[in-house]
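Okay, coords.cif is below, mmCIF, C-alpha atoms and all ligand atoms:
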```cif
data_work
#
loop_
_atom_site.label_atom_id
_atom_site.label_comp_id
_atom_site.auth_asym_id
_atom_site.auth_seq_id
_atom_site.Cartn_x
_atom_site.Cartn_y
_atom_site.Cartn_z
CA MET Q 96 -12.13 1.05 46.68
CA PRO Q 97 -8.65 0.55 45.14
CA ASN Q 98 -8.21 1.58 41.54
CA PRO Q 99 -8.97 -1.59 39.50
CA THR Q 100 -5.97 -0.94 37.24
CA PRO Q 101 -2.70 0.83 38.06
CA TRP Q 102 -2.04 1.55 34.38
CA GLN Q 103 -2.62 4.84 32.67
CA LEU Q 104 -2.39 4.95 28.90
CA ALA Q 105 -0.30 7.60 27.15
CA ARG Q 106 -2.12 10.22 25.11
CA ARG Q 107 -0.54 8.71 22.01
CA ALA Q 108 -2.13 5.36 22.80
CA GLU Q 109 -5.51 7.07 22.74
CA ARG Q 110 -4.69 8.17 19.20
CA MET Q 111 -4.07 4.59 18.04
CA ASN Q 112 -6.99 3.05 16.21
CA PRO Q 113 -7.80 -0.49 15.29
CA SER Q 114 -7.54 -0.75 11.50
CA VAL Q 115 -11.10 -0.22 10.34
CA ILE Q 116 -10.32 -2.56 7.47
CA ARG Q 117 -9.30 -5.39 9.76
CA GLU Q 118 -12.58 -4.97 11.62
CA ILE Q 119 -14.46 -5.04 8.33
CA LEU Q 120 -12.53 -8.05 7.11
CA LYS Q 121 -13.80 -10.01 10.11
CA ILE Q 122 -17.35 -9.89 8.78
CA THR Q 123 -16.15 -10.72 5.29
CA GLU Q 124 -14.35 -13.87 6.35
CA ARG Q 125 -17.46 -16.03 6.47
CA PRO Q 126 -17.04 -19.35 4.70
CA GLY Q 127 -18.34 -19.29 1.15
CA VAL Q 128 -18.03 -15.52 0.75
CA ILE Q 129 -16.05 -14.40 -2.31
CA SER Q 130 -13.66 -11.85 -0.85
CA LEU Q 131 -12.62 -8.98 -3.07
CA ALA Q 132 -11.81 -7.11 0.13
CA GLY Q 133 -8.28 -8.14 1.09
CA GLY Q 134 -5.19 -6.18 0.19
CA LEU Q 135 -2.93 -9.22 0.06
CA PRO Q 136 -0.80 -10.29 -2.91
CA SER Q 137 -1.60 -13.66 -4.46
CA PRO Q 138 0.22 -16.45 -2.57
CA ASP Q 139 0.53 -18.27 -5.91
CA THR Q 140 3.16 -15.69 -6.87
CA PHE Q 141 5.44 -16.41 -3.91
CA PRO Q 142 8.73 -17.90 -5.21
CA VAL Q 143 8.73 -20.85 -2.83
CA ASP Q 144 11.41 -22.93 -4.59
CA ALA Q 145 13.80 -20.01 -4.96
CA MET Q 146 13.30 -19.15 -1.29
CA ARG Q 147 13.88 -22.74 -0.23
CA GLU Q 148 17.13 -22.98 -2.20
CA ALA Q 149 18.39 -19.58 -1.05
CA THR Q 150 17.59 -20.41 2.58
CA ALA Q 151 19.63 -23.62 2.31
CA ARG Q 152 22.55 -21.73 0.73
CA VAL Q 153 22.55 -19.02 3.43
CA LEU Q 154 22.41 -21.63 6.19
CA HIS Q 155 25.23 -23.54 4.53
CA ASP Q 156 27.52 -20.65 3.61
CA THR Q 157 27.03 -18.04 6.38
CA PRO Q 158 24.88 -19.63 9.11
CA ARG Q 159 26.38 -17.82 12.09
CA GLU Q 160 26.52 -14.40 10.46
CA ALA Q 161 22.91 -14.82 9.31
CA LEU Q 162 21.70 -15.74 12.80
CA GLN Q 163 23.70 -13.05 14.67
CA TYR Q 164 22.59 -9.47 15.48
CA ALA Q 165 23.37 -7.29 12.50
CA ALA Q 166 23.82 -3.68 11.35
CA SER Q 167 20.86 -1.34 11.94
CA GLU Q 168 21.26 0.13 8.45
CA GLY Q 169 20.70 -3.27 6.87
CA PHE Q 170 22.72 -5.97 5.09
CA ALA Q 171 25.28 -4.07 3.00
CA PRO Q 172 24.91 -6.07 -0.26
CA LEU Q 173 21.13 -5.65 -0.12
CA ARG Q 174 21.49 -1.89 0.42
CA GLU Q 175 23.82 -1.80 -2.58
CA TRP Q 176 21.32 -3.77 -4.66
CA VAL Q 177 18.57 -1.28 -3.75
CA ALA Q 178 20.80 1.70 -4.57
CA ALA Q 179 21.70 0.20 -7.97
CA GLN Q 180 18.04 -0.55 -8.71
CA MET Q 181 17.00 3.00 -7.84
CA SER Q 182 19.82 4.45 -9.95
CA ARG Q 183 18.40 2.51 -12.91
CA GLN Q 184 15.10 4.29 -12.31
CA GLY Q 185 16.84 7.65 -12.43
CA LEU Q 186 17.36 8.25 -8.70
CA ALA Q 187 21.15 8.27 -8.31
CA VAL Q 188 21.78 7.22 -4.71
CA ASP Q 189 24.57 5.38 -2.98
CA ALA Q 190 23.98 2.68 -0.42
CA SER Q 191 24.66 5.04 2.50
CA ARG Q 192 21.23 6.60 1.87
CA VAL Q 193 19.38 3.27 1.95
CA LEU Q 194 17.92 2.06 5.25
CA ILE Q 195 16.45 -1.45 5.18
CA THR Q 196 13.21 -1.53 7.20
CA THR Q 197 10.90 -4.18 8.59
CA GLY Q 198 8.43 -3.70 5.75
CA SER Q 199 7.77 -0.28 4.27
CA GLN Q 200 5.12 0.02 6.99
CA GLN Q 201 7.97 0.49 9.45
CA GLY Q 202 9.41 3.11 7.10
CA LEU Q 203 6.16 5.07 7.48
CA ASP Q 204 6.37 4.84 11.27
CA LEU Q 205 10.02 5.98 11.33
CA VAL Q 206 9.27 8.88 9.01
CA GLY Q 207 6.39 9.89 11.26
CA LYS Q 208 8.54 9.62 14.37
CA VAL Q 209 11.31 11.75 12.93
CA LEU Q 210 9.20 14.40 11.18
CA ILE Q 211 5.92 14.92 13.05
CA ASP Q 212 5.44 16.93 16.25
CA ALA Q 213 2.11 16.98 18.06
CA GLY Q 214 -0.08 19.45 16.18
CA SER Q 215 2.14 19.73 13.10
CA ARG Q 216 0.38 19.48 9.77
CA ILE Q 217 0.90 16.74 7.23
CA ALA Q 218 -0.81 16.52 3.85
CA VAL Q 219 -2.24 13.40 2.24
CA GLU Q 220 -4.15 12.43 -0.89
CA SER Q 221 -7.91 11.92 -0.86
CA PRO Q 222 -8.32 8.99 -0.50
CA THR Q 223 -5.03 7.62 0.88
CA TYR Q 224 -3.47 4.46 2.32
CA LEU Q 225 -5.12 3.75 5.63
CA GLY Q 226 -1.99 2.11 7.08
CA ALA Q 227 -0.13 5.40 6.66
CA LEU Q 228 -2.82 7.32 8.52
CA GLN Q 229 -2.54 4.68 11.25
CA ALA Q 230 1.27 4.96 11.35
CA PHE Q 231 1.21 8.76 11.57
CA ALA Q 232 -1.70 9.14 14.03
CA PRO Q 233 0.22 8.43 17.28
CA TYR Q 234 2.52 11.37 16.52
CA GLU Q 235 -0.57 13.59 16.72
CA PRO Q 236 -0.45 15.41 13.39
CA GLU Q 237 -3.19 17.57 11.97
CA VAL Q 238 -3.93 15.75 8.71
CA VAL Q 239 -4.89 17.85 5.68
CA GLY Q 240 -6.53 16.08 2.73
CA VAL Q 241 -5.47 17.49 -0.66
CA GLU Q 242 -8.06 17.65 -3.45
CA CYS Q 243 -7.45 15.00 -6.12
CA ASP Q 244 -8.64 13.90 -9.53
CA ASP Q 245 -8.05 10.62 -11.41
CA GLU Q 246 -4.29 11.25 -11.42
CA GLY Q 247 -3.86 12.24 -7.78
CA PRO Q 248 -3.44 15.64 -6.12
CA LEU Q 249 -4.14 18.78 -8.11
CA PRO Q 250 -1.02 20.96 -8.15
CA ASP Q 251 -3.17 24.06 -7.57
CA ALA Q 252 -4.63 22.48 -4.45
CA LEU Q 253 -1.24 22.24 -2.74
CA ALA Q 254 -1.54 25.79 -1.45
CA ALA Q 255 -3.87 24.35 1.23
CA ALA Q 256 -0.96 22.25 2.47
CA ARG Q 257 1.49 25.15 2.81
CA GLY Q 258 3.53 24.81 6.00
CA ALA Q 259 2.90 21.05 6.32
CA ARG Q 260 5.83 18.89 7.39
CA PHE Q 261 5.41 16.74 4.28
CA LEU Q 262 3.04 15.60 1.57
CA TYR Q 263 2.52 11.82 1.54
CA LEU Q 264 2.04 10.53 -2.02
CA LEU Q 265 1.44 7.19 -3.77
CA PRO Q 266 2.03 7.93 -7.44
CA ASN Q 267 1.78 4.35 -8.77
CA PHE Q 268 -1.44 2.28 -8.75
CA GLN Q 269 -2.48 3.84 -5.50
CA ASN Q 270 -3.95 1.93 -2.60
CA PRO Q 271 -6.94 2.29 -2.52
CA SER Q 272 -7.87 4.10 -5.75
CA GLY Q 273 -5.64 2.18 -8.22
CA ARG Q 274 -4.83 5.49 -9.95
CA CYS Q 275 -1.48 6.32 -11.50
CA MET Q 276 0.04 9.75 -11.91
CA GLY Q 277 1.19 10.69 -15.43
CA ALA Q 278 4.58 12.32 -16.13
CA ALA Q 279 3.16 15.81 -16.67
CA ARG Q 280 1.25 15.67 -13.36
CA ARG Q 281 4.39 14.50 -11.58
CA ASP Q 282 6.35 17.43 -13.01
CA ALA Q 283 3.65 19.95 -12.08
CA LEU Q 284 3.07 18.54 -8.62
CA VAL Q 285 6.74 18.42 -7.64
CA ALA Q 286 7.24 21.94 -9.03
CA ALA Q 287 4.30 23.18 -6.96
CA ALA Q 288 5.53 21.40 -3.82
CA ARG Q 289 9.02 22.73 -4.32
CA SER Q 290 7.81 26.28 -4.82
CA ILE Q 291 6.18 26.28 -1.38
CA GLY Q 292 8.94 24.24 0.33
CA LEU Q 293 6.71 21.23 0.95
CA PRO Q 294 8.78 18.00 1.11
CA ILE Q 295 7.44 14.76 -0.35
CA VAL Q 296 7.23 11.29 1.17
CA GLU Q 297 6.81 8.96 -1.81
CA ASP Q 298 5.48 5.46 -1.07
CA ASN Q 299 5.85 3.00 -3.93
CA PRO Q 300 5.08 -0.64 -3.10
CA TYR Q 301 3.17 -1.29 -6.36
CA GLY Q 302 5.29 0.44 -9.03
CA ASP Q 303 6.73 -2.79 -10.48
CA LEU Q 304 3.28 -4.29 -11.02
CA TRP Q 305 2.50 -2.43 -14.26
CA PHE Q 306 0.48 -4.16 -16.97
CA ASP Q 307 1.31 -2.49 -20.27
CA ALA Q 308 4.09 0.04 -19.73
CA PRO Q 309 6.19 1.06 -16.73
CA PRO Q 310 4.98 4.15 -14.85
CA PRO Q 311 6.93 7.42 -15.18
CA ALA Q 312 10.07 7.88 -13.08
CA PRO Q 313 9.60 8.32 -9.32
CA LEU Q 314 8.72 11.76 -7.96
CA SER Q 315 11.94 11.66 -5.95
CA THR Q 316 14.00 11.87 -9.17
CA ARG Q 317 12.56 15.35 -9.72
CA TRP Q 318 13.53 16.72 -6.30
CA PRO Q 319 15.92 14.30 -4.54
CA GLU Q 320 16.83 16.59 -1.64
CA GLY Q 321 13.15 17.29 -0.94
CA SER Q 322 12.01 13.65 -1.06
CA VAL Q 323 11.94 10.51 1.03
CA TYR Q 324 11.23 7.33 -0.95
CA LEU Q 325 9.77 4.09 0.46
CA GLY Q 326 10.00 0.75 -1.33
CA SER Q 327 9.00 -2.81 -0.48
CA PHE Q 328 9.69 -6.44 -1.35
CA SER Q 329 6.18 -7.43 -0.23
CA LYS Q 330 4.46 -7.26 -3.61
CA VAL Q 331 7.29 -8.59 -5.78
CA LEU Q 332 8.47 -11.42 -3.48
CA ALA Q 333 6.42 -12.04 -0.34
CA PRO Q 334 5.02 -9.85 2.47
CA GLY Q 335 5.86 -12.41 5.16
CA LEU Q 336 9.53 -11.50 4.75
CA ARG Q 337 8.75 -8.01 6.14
CA LEU Q 338 11.37 -6.31 4.01
CA GLY Q 339 11.19 -2.73 2.81
CA TYR Q 340 13.49 0.25 2.52
CA VAL Q 341 13.68 4.00 2.96
CA ILE Q 342 15.83 6.28 0.83
CA ALA Q 343 16.29 9.65 2.48
CA PRO Q 344 18.47 12.75 2.12
CA ALA Q 345 21.86 12.25 3.80
CA ALA Q 346 21.09 14.76 6.56
CA MET Q 347 18.01 12.81 7.68
CA MET Q 348 19.66 9.37 7.74
CA PRO Q 349 21.19 9.54 11.26
CA LYS Q 350 17.81 10.36 12.81
CA LEU Q 351 16.00 7.62 10.89
CA LEU Q 352 18.71 5.22 11.97
CA GLN Q 353 18.36 6.19 15.64
CA ALA Q 354 14.59 5.77 15.40
CA LYS Q 355 15.12 2.38 13.77
CA GLN Q 356 17.54 1.27 16.50
CA ALA Q 357 15.05 2.20 19.17
CA ALA Q 358 12.28 0.34 17.36
CA ASP Q 359 13.88 -3.03 16.63
CA LEU Q 360 17.72 -2.72 16.44
CA HIS Q 361 17.62 -4.00 12.87
CA THR Q 362 15.51 -5.74 10.26
CA PRO Q 363 15.94 -9.55 10.48
CA GLY Q 364 19.36 -10.22 9.00
CA PHE Q 365 18.46 -13.75 8.07
CA ASN Q 366 15.62 -12.58 5.82
CA GLN Q 367 17.81 -9.92 4.26
CA ARG Q 368 20.49 -12.44 3.35
CA VAL Q 369 17.98 -14.91 1.93
CA VAL Q 370 16.32 -12.23 -0.18
CA HIS Q 371 19.65 -10.94 -1.42
CA GLU Q 372 20.60 -14.50 -2.34
CA VAL Q 373 17.32 -14.84 -4.31
CA ILE Q 374 17.55 -11.56 -6.22
CA ARG Q 375 21.28 -10.98 -6.67
CA ASP Q 376 21.50 -12.51 -10.17
CA GLY Q 377 18.47 -10.92 -11.78
CA PHE Q 378 15.73 -13.23 -10.47
CA LEU Q 379 13.16 -10.41 -10.36
CA ASP Q 380 13.67 -9.71 -14.08
CA THR Q 381 11.96 -13.00 -14.87
CA HIS Q 382 9.77 -13.35 -11.77
CA VAL Q 383 7.98 -9.99 -11.76
CA PRO Q 384 6.72 -10.35 -15.38
CA THR Q 385 4.90 -13.55 -14.30
CA ILE Q 386 3.12 -11.59 -11.55
CA ARG Q 387 2.22 -8.84 -14.04
CA ALA Q 388 0.76 -11.34 -16.52
CA ARG Q 389 -1.34 -13.02 -13.84
CA TYR Q 390 -2.66 -9.78 -12.36
CA ARG Q 391 -3.34 -8.34 -15.83
CA ALA Q 392 -5.61 -11.30 -16.67
CA GLN Q 393 -7.43 -10.86 -13.35
CA ARG Q 394 -7.78 -7.12 -13.97
CA ASP Q 395 -9.30 -7.90 -17.38
CA ALA Q 396 -11.74 -10.36 -15.81
CA MET Q 397 -12.86 -7.79 -13.26
CA ARG Q 398 -13.25 -5.08 -15.86
CA ALA Q 399 -15.40 -7.35 -18.04
CA ALA Q 400 -17.49 -8.41 -15.05
CA LEU Q 401 -18.05 -4.83 -13.92
CA GLU Q 402 -19.16 -3.87 -17.42
CA ALA Q 403 -21.53 -6.83 -17.52
CA HIS Q 404 -23.06 -6.60 -14.06
CA MET Q 405 -22.92 -3.15 -12.49
CA PRO Q 406 -26.08 -1.05 -12.65
CA ARG Q 407 -26.04 2.18 -14.65
CA GLY Q 408 -24.65 5.14 -12.77
CA THR Q 409 -21.79 3.13 -11.23
CA ARG Q 410 -18.30 4.34 -12.19
CA TRP Q 411 -14.87 2.75 -11.86
CA ASN Q 412 -11.33 3.38 -12.99
CA VAL Q 413 -9.47 0.75 -15.02
CA PRO Q 414 -6.14 0.32 -13.20
CA VAL Q 415 -3.05 0.02 -15.41
CA GLY Q 416 -1.14 -1.79 -12.65
CA GLY Q 417 -1.31 -2.81 -9.02
CA MET Q 418 -4.10 -4.70 -7.29
CA PHE Q 419 -7.22 -2.52 -6.99
CA PHE Q 420 -10.32 -1.17 -8.69
CA TRP Q 421 -12.00 1.83 -7.10
CA VAL Q 422 -15.74 1.96 -7.60
CA GLU Q 423 -18.14 4.87 -7.18
CA LEU Q 424 -21.70 3.74 -6.63
CA PRO Q 425 -24.55 5.95 -7.80
CA GLU Q 426 -24.84 9.08 -5.63
CA GLY Q 427 -26.86 8.50 -2.48
CA LEU Q 428 -25.75 4.89 -1.93
CA ASP Q 429 -23.61 4.07 1.09
CA ALA Q 430 -21.04 1.30 0.56
CA THR Q 431 -20.63 0.69 4.32
CA ALA Q 432 -24.38 0.26 4.79
CA LEU Q 433 -24.54 -2.02 1.76
CA LEU Q 434 -21.77 -4.38 2.92
CA PRO Q 435 -23.84 -6.68 5.20
CA ARG Q 436 -26.28 -7.40 2.35
CA ALA Q 437 -23.41 -8.01 -0.10
CA VAL Q 438 -21.85 -10.46 2.36
CA GLU Q 439 -25.24 -12.13 2.81
CA LEU Q 440 -25.38 -12.58 -0.96
CA GLY Q 441 -21.81 -13.95 -0.90
CA VAL Q 442 -19.37 -11.17 -1.86
CA ALA Q 443 -17.18 -8.83 0.20
CA TYR Q 444 -15.37 -5.58 -0.56
CA VAL Q 445 -13.85 -2.74 1.46
CA PRO Q 446 -15.93 0.44 1.79
CA GLY Q 447 -14.00 3.52 0.67
CA ALA Q 448 -14.94 5.95 3.47
CA PRO Q 449 -12.16 5.01 5.95
CA PHE Q 450 -9.49 5.88 3.35
CA PHE Q 451 -10.37 9.58 3.50
CA ALA Q 452 -8.61 11.76 6.10
CA ALA Q 453 -11.51 14.21 5.86
CA GLU Q 454 -14.89 14.37 4.07
CA PRO Q 455 -15.33 10.65 3.42
CA ARG Q 456 -17.17 9.70 0.25
CA ALA Q 457 -19.73 7.15 1.37
CA ASN Q 458 -20.52 5.83 -2.11
CA THR Q 459 -17.00 4.51 -2.81
CA LEU Q 460 -15.50 1.05 -2.40
CA ARG Q 461 -12.27 -0.83 -3.14
CA LEU Q 462 -12.08 -4.17 -4.95
CA SER Q 463 -8.96 -6.33 -5.06
CA PHE Q 464 -8.61 -8.60 -8.08
CA VAL Q 465 -5.41 -10.49 -7.32
CA THR Q 466 -6.33 -13.31 -4.92
CA VAL Q 467 -9.42 -14.60 -6.76
CA ALA Q 468 -9.50 -16.61 -10.03
CA PRO Q 469 -11.13 -14.95 -13.06
CA ASP Q 470 -14.27 -17.14 -13.01
CA VAL Q 471 -14.76 -16.43 -9.31
CA ILE Q 472 -14.26 -12.69 -9.94
CA GLU Q 473 -17.10 -12.92 -12.47
CA ARG Q 474 -19.41 -14.55 -9.91
CA GLY Q 475 -18.41 -12.11 -7.18
CA ILE Q 476 -19.06 -9.04 -9.32
CA ALA Q 477 -22.41 -10.48 -10.43
CA LEU Q 478 -23.38 -10.70 -6.73
CA LEU Q 479 -22.12 -7.17 -6.10
CA GLY Q 480 -24.17 -5.94 -9.07
CA ARG Q 481 -27.20 -7.61 -7.55
CA ALA Q 482 -26.61 -5.98 -4.14
CA VAL Q 483 -26.23 -2.54 -5.73
CA GLY Q 484 -29.27 -3.13 -7.95
CA GLU Q 485 -31.38 -3.97 -4.89
CA ALA Q 486 -30.19 -0.87 -3.06
CA LEU Q 487 -31.24 1.26 -6.02
CA ASP Q 488 -34.57 -0.47 -6.27
CA PRO Q 489 -35.68 -2.04 -2.94
CA ALA Q 490 -38.65 -3.61 -4.72
CA ARG Q 491 -36.16 -5.84 -6.51
CA ARG Q 492 -34.87 -7.17 -3.18
CA ALA Q 493 -38.38 -7.94 -2.03
CA ALA Q 494 -39.01 -9.85 -5.28
CA SER Q 495 -35.74 -11.78 -5.04
CA THR Q 496 -36.48 -12.72 -1.41
CA LEU Q 497 -39.90 -14.05 -2.43
CA THR Q 498 -38.47 -16.16 -5.22
CA ALA Q 499 -35.36 -17.32 -3.32
C1 LIG R 1 0.54 1.93 0.01
C2 LIG R 1 1.17 0.97 0.93
N1 LIG R 1 2.26 1.33 1.62
C3 LIG R 1 2.87 0.49 2.46
C4 LIG R 1 2.39 -0.80 2.64
C5 LIG R 1 3.11 -1.67 3.62
O1 LIG R 1 3.84 -2.65 2.93
P1 LIG R 1 4.95 -3.55 3.62
O2 LIG R 1 4.48 -4.95 3.50
O3 LIG R 1 6.20 -3.29 2.83
O4 LIG R 1 5.09 -3.13 5.04
C6 LIG R 1 1.27 -1.22 1.96
C7 LIG R 1 0.73 -2.57 2.16
O5 LIG R 1 -0.23 -3.01 1.60
C8 LIG R 1 0.63 -0.32 1.07
O6 LIG R 1 -0.46 -0.65 0.37
#
```
Structure re-expressed in structure tokens:
Amino acid sequence: MPNPTPWQLARRAERMNPSVIREILKITERPGVISLAGGLPSPDTFPVDAMREATARVLHDTPREALQYAASEGFAPLREWVAAQMSRQGLAVDASRVLITTGSQQGLDLVGKVLIDAGSRIAVESPTYLGALQAFAPYEPEVVGVECDDEGPLPDALAAARGARFLYLLPNFQNPSGRCMGAARRDALVAAARSIGLPIVEDNPYGDLWFDAPPPAPLSTRWPEGSVYLGSFSKVLAPGLRLGYVIAPAAMMPKLLQAKQAADLHTPGFNQRVVHEVIRDGFLDTHVPTIRARYRAQRDAMRAALEAHMPRGTRWNVPVGGMFFWVELPEGLDATALLPRAVELGVAYVPGAPFFAAEPRANTLRLSFVTVAPDVIERGIALLGRAVGEALDPARRAASTLTA
């Protein structure tokens, strides 16, 4: 009998996984379910009018340039804007070290392509951003999870990552844990990494979304030649633009650029021009504070609801920026096993286990507070509290089923 398919998949394709979160989100998308699961920014923050006006101006002033193929490095004025912005944060770079990418997700892929050989080690936080694990996986690394506390990796634990190609870090309002690294931890961690020659890939899509005070300066300012920095416009403007950037040491830029050319020639020039038109005169200085104020109120609503409704023995951090709470259920509970019942009651979240490269912690879960209004957050957390309460005391579920 002839072979039913002439195709044979590459080994790297075998390494590609569906995003576990996307699979989970499918069951959470039932009508009527309050979703605290998504990782999306609030669409109410998208600057629609500013985008509309800037789009009209670009189409009026430079329509043919905007619609033509463009430079792989990115639109020069946007690269200059990024370089100036980073210099204000203490990372003195010129535009030649800025590569505009199709979202920072593409930056992760390019970094993986350029730095990872099959079998080489890379080190990540526990837990870490699932999309980064997905981006790196096809390059067949051996992923080492570094021990962490509420501020991120423990400097003393870095010895386990010795010899790794890089350490992937999210110092600000981490996805998924919401945690933020203090200045002293940043100093100690970079010093420890530097002492063992372990370069750092710093991913910072949430750093501008602080609630009370800006986070400490980027890790990359402490060791510029040993760092690659990734930024994004997704959380301060809109993710549909697919605009991010990579800042890398000069010696690495040609290889990143070649990888970028092979991937997509360049990031859409039209989007780059529109975004530059929106932000060139300081728009973000007034826009981002409105996002912060909105998310802060939602954070407060979720904190109050957790305090009111979660059974004793449940722990959570209080994020000082970003989009997520990280919850630890009482020991012995399994957030993945609990999800179907929570959805049945009318609330969804993301279980924490898939965010761990090794030794998943089954009792953890991630809650997003940014796409749901404060009164709905309150109702959602009340339902979550009920689901957890039932799991702790199955008799309670039986009673509630009888009275329902
Ligand atoms: C930590 C982290 N890095 C990168 C990304 C990708 O962002 P972008 O939209 O810029 O591709 C995300 C998206 O949620 C994220 O949470």
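Residues of protein, DNA or RNA lying at most 7 Å from ligand LIG 1 (chain R), when only C-alpha atoms and all ligand atoms are considered, are Gly134, Leu135, Thr197, Gly198, Ser199, Gln200, Gln201, Tyr224, Gly226, Ala227, Leu265, Gln269, Asn270, Asp298, Asn299, Pro300, Gly326, Ser327, Phe328, Ser329, Pro334, Arg337, Leu338 and Gly339 of chain Q.
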Using all atoms listed in the file, the shortest atom-to-atom distance to Gly202 (chain Q) among Q:Ile472, Q:Val285, Q:Val323, Q:Pro309 belongs to Q:Val323
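Of the listed residues Q:Asp156, Q:Glu220, Q:Asp395, Q:Asp282, the one whose atoms come nearest to Arg317 (chain Q) is Q:Asp282, with distances taken using all atoms listed in the file.
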Identify which of the residues Q:Arg125, Q:Arg289, Q:Arg117, Q:Arg274 lies closest to Pro222 (chain Q), counting all atoms listed in the file when measuring atom-to-atom distances. Q:Arg274
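Among the candidates Q:Val465, Q:Leu424, Q:Ala346, Q:Leu249, the residue lying nearest to Arg387 (chain Q) is Q:Val465 (atoms considered: only C-alpha atoms).
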Contacts of region 212-214 of chain Q within 9 Å, only C-alpha atoms, excl. fewer than 4 positions in-chain, as a list in words: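 Everything that qualifies: Gly207, Lys208, Pro233, Tyr234, Glu235, Pro236 and Glu237 of chain Q.
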Export of the given selection (C-alpha atoms) as a PDB file, in the frame of the given file:
```pdb
ATOM      1  CA  GLY Q 207       6.390   9.890  11.260  1.00  0.00           C
ATOM      2  CA  LYS Q 208       8.540   9.620  14.370  1.00  0.00           C
ATOM      3  CA  PRO Q 233       0.220   8.430  17.280  1.00  0.00           C
ATOM      4  CA  TYR Q 234       2.520  11.370  16.520  1.00  0.00           C
ATOM      5  CA  GLU Q 235      -0.570  13.590  16.720  1.00  0.00           C
ATOM      6  CA  PRO Q 236      -0.450  15.410  13.390  1.00  0.00           C
ATOM      7  CA  GLU Q 237      -3.190  17.570  11.970  1.00  0.00           C
TER       8      GLU Q 237
END
```
For Lys121 (chain Q), which residue out of Q:Val241, Q:Val422, Q:Leu332, Q:Val438 is the nearest one, using only C-alpha atoms?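 When distances to Lys121 (chain Q) are compared using only C-alpha atoms, the smallest one comes from Q:Val438.
Once Ala187 (chain Q) and its same-chain neighbours fewer than 4 positions away are set aside, Ala178, Ala179, Met181, Ser182, Arg183, Thr316 and Pro319 of chain Q remain within 9 Å of it when counting only C-alpha atoms.
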Could you rebuild region 305-318 of chain Q with N, CA and C atoms and give me the result as a JSON list (two decimals), in the coordinates of the input?
```
[["chain", "number", "residue", "atom", "x", "y", "z"],
["Q", 305, "TRP", "N", 3.19, -3.08, -13.14],
["Q", 305, "TRP", "CA", 2.50, -2.43, -14.26],
["Q", 305, "TRP", "C", 2.08, -3.48, -15.27],
["Q", 306, "PHE", "N", 1.03, -3.17, -16.05],
["Q", 306, "PHE", "CA", 0.48, -4.16, -16.97],
["Q", 306, "PHE", "C", 0.93, -3.95, -18.42],
["Q", 307, "ASP", "N", 0.99, -2.72, -18.86],
["Q", 307, "ASP", "CA", 1.31, -2.49, -20.27],
["Q", 307, "ASP", "C", 2.62, -1.74, -20.45],
["Q", 308, "ALA", "N", 2.86, -0.75, -19.62],
["Q", 308, "ALA", "CA", 4.09, 0.04, -19.73],
["Q", 308, "ALA", "C", 4.48, 0.48, -18.32],
["Q", 309, "PRO", "N", 5.78, 0.62, -18.06],
["Q", 309, "PRO", "CA", 6.19, 1.06, -16.73],
["Q", 309, "PRO", "C", 5.68, 2.47, -16.44],
["Q", 310, "PRO", "N", 5.41, 2.78, -15.18],
["Q", 310, "PRO", "CA", 4.98, 4.15, -14.85],
["Q", 310, "PRO", "C", 6.15, 5.12, -15.03],
["Q", 311, "PRO", "N", 5.84, 6.43, -15.08],
["Q", 311, "PRO", "CA", 6.93, 7.42, -15.18],
["Q", 311, "PRO", "C", 7.87, 7.32, -13.99],
["Q", 312, "ALA", "N", 9.04, 7.95, -14.14],
["Q", 312, "ALA", "CA", 10.07, 7.88, -13.08],
["Q", 312, "ALA", "C", 9.52, 8.40, -11.74],
["Q", 313, "PRO", "N", 10.09, 7.88, -10.64],
["Q", 313, "PRO", "CA", 9.60, 8.32, -9.32],
["Q", 313, "PRO", "C", 9.63, 9.84, -9.15],
["Q", 314, "LEU", "N", 8.74, 10.33, -8.29],
["Q", 314, "LEU", "CA", 8.72, 11.76, -7.96],
["Q", 314, "LEU", "C", 10.07, 12.20, -7.40],
["Q", 315, "SER", "N", 10.68, 11.31, -6.63],
["Q", 315, "SER", "CA", 11.94, 11.66, -5.95],
["Q", 315, "SER", "C", 13.04, 12.02, -6.92],
["Q", 316, "THR", "N", 12.96, 11.52, -8.19],
["Q", 316, "THR", "CA", 14.00, 11.87, -9.17],
["Q", 316, "THR", "C", 13.92, 13.35, -9.52],
["Q", 317, "ARG", "N", 12.74, 13.95, -9.33],
["Q", 317, "ARG", "CA", 12.56, 15.35, -9.72],
["Q", 317, "ARG", "C", 13.02, 16.33, -8.64],
["Q", 318, "TRP", "N", 13.12, 15.84, -7.40],
["Q", 318, "TRP", "CA", 13.53, 16.72, -6.30],
["Q", 318, "TRP", "C", 14.15, 15.86, -5.20]]
```
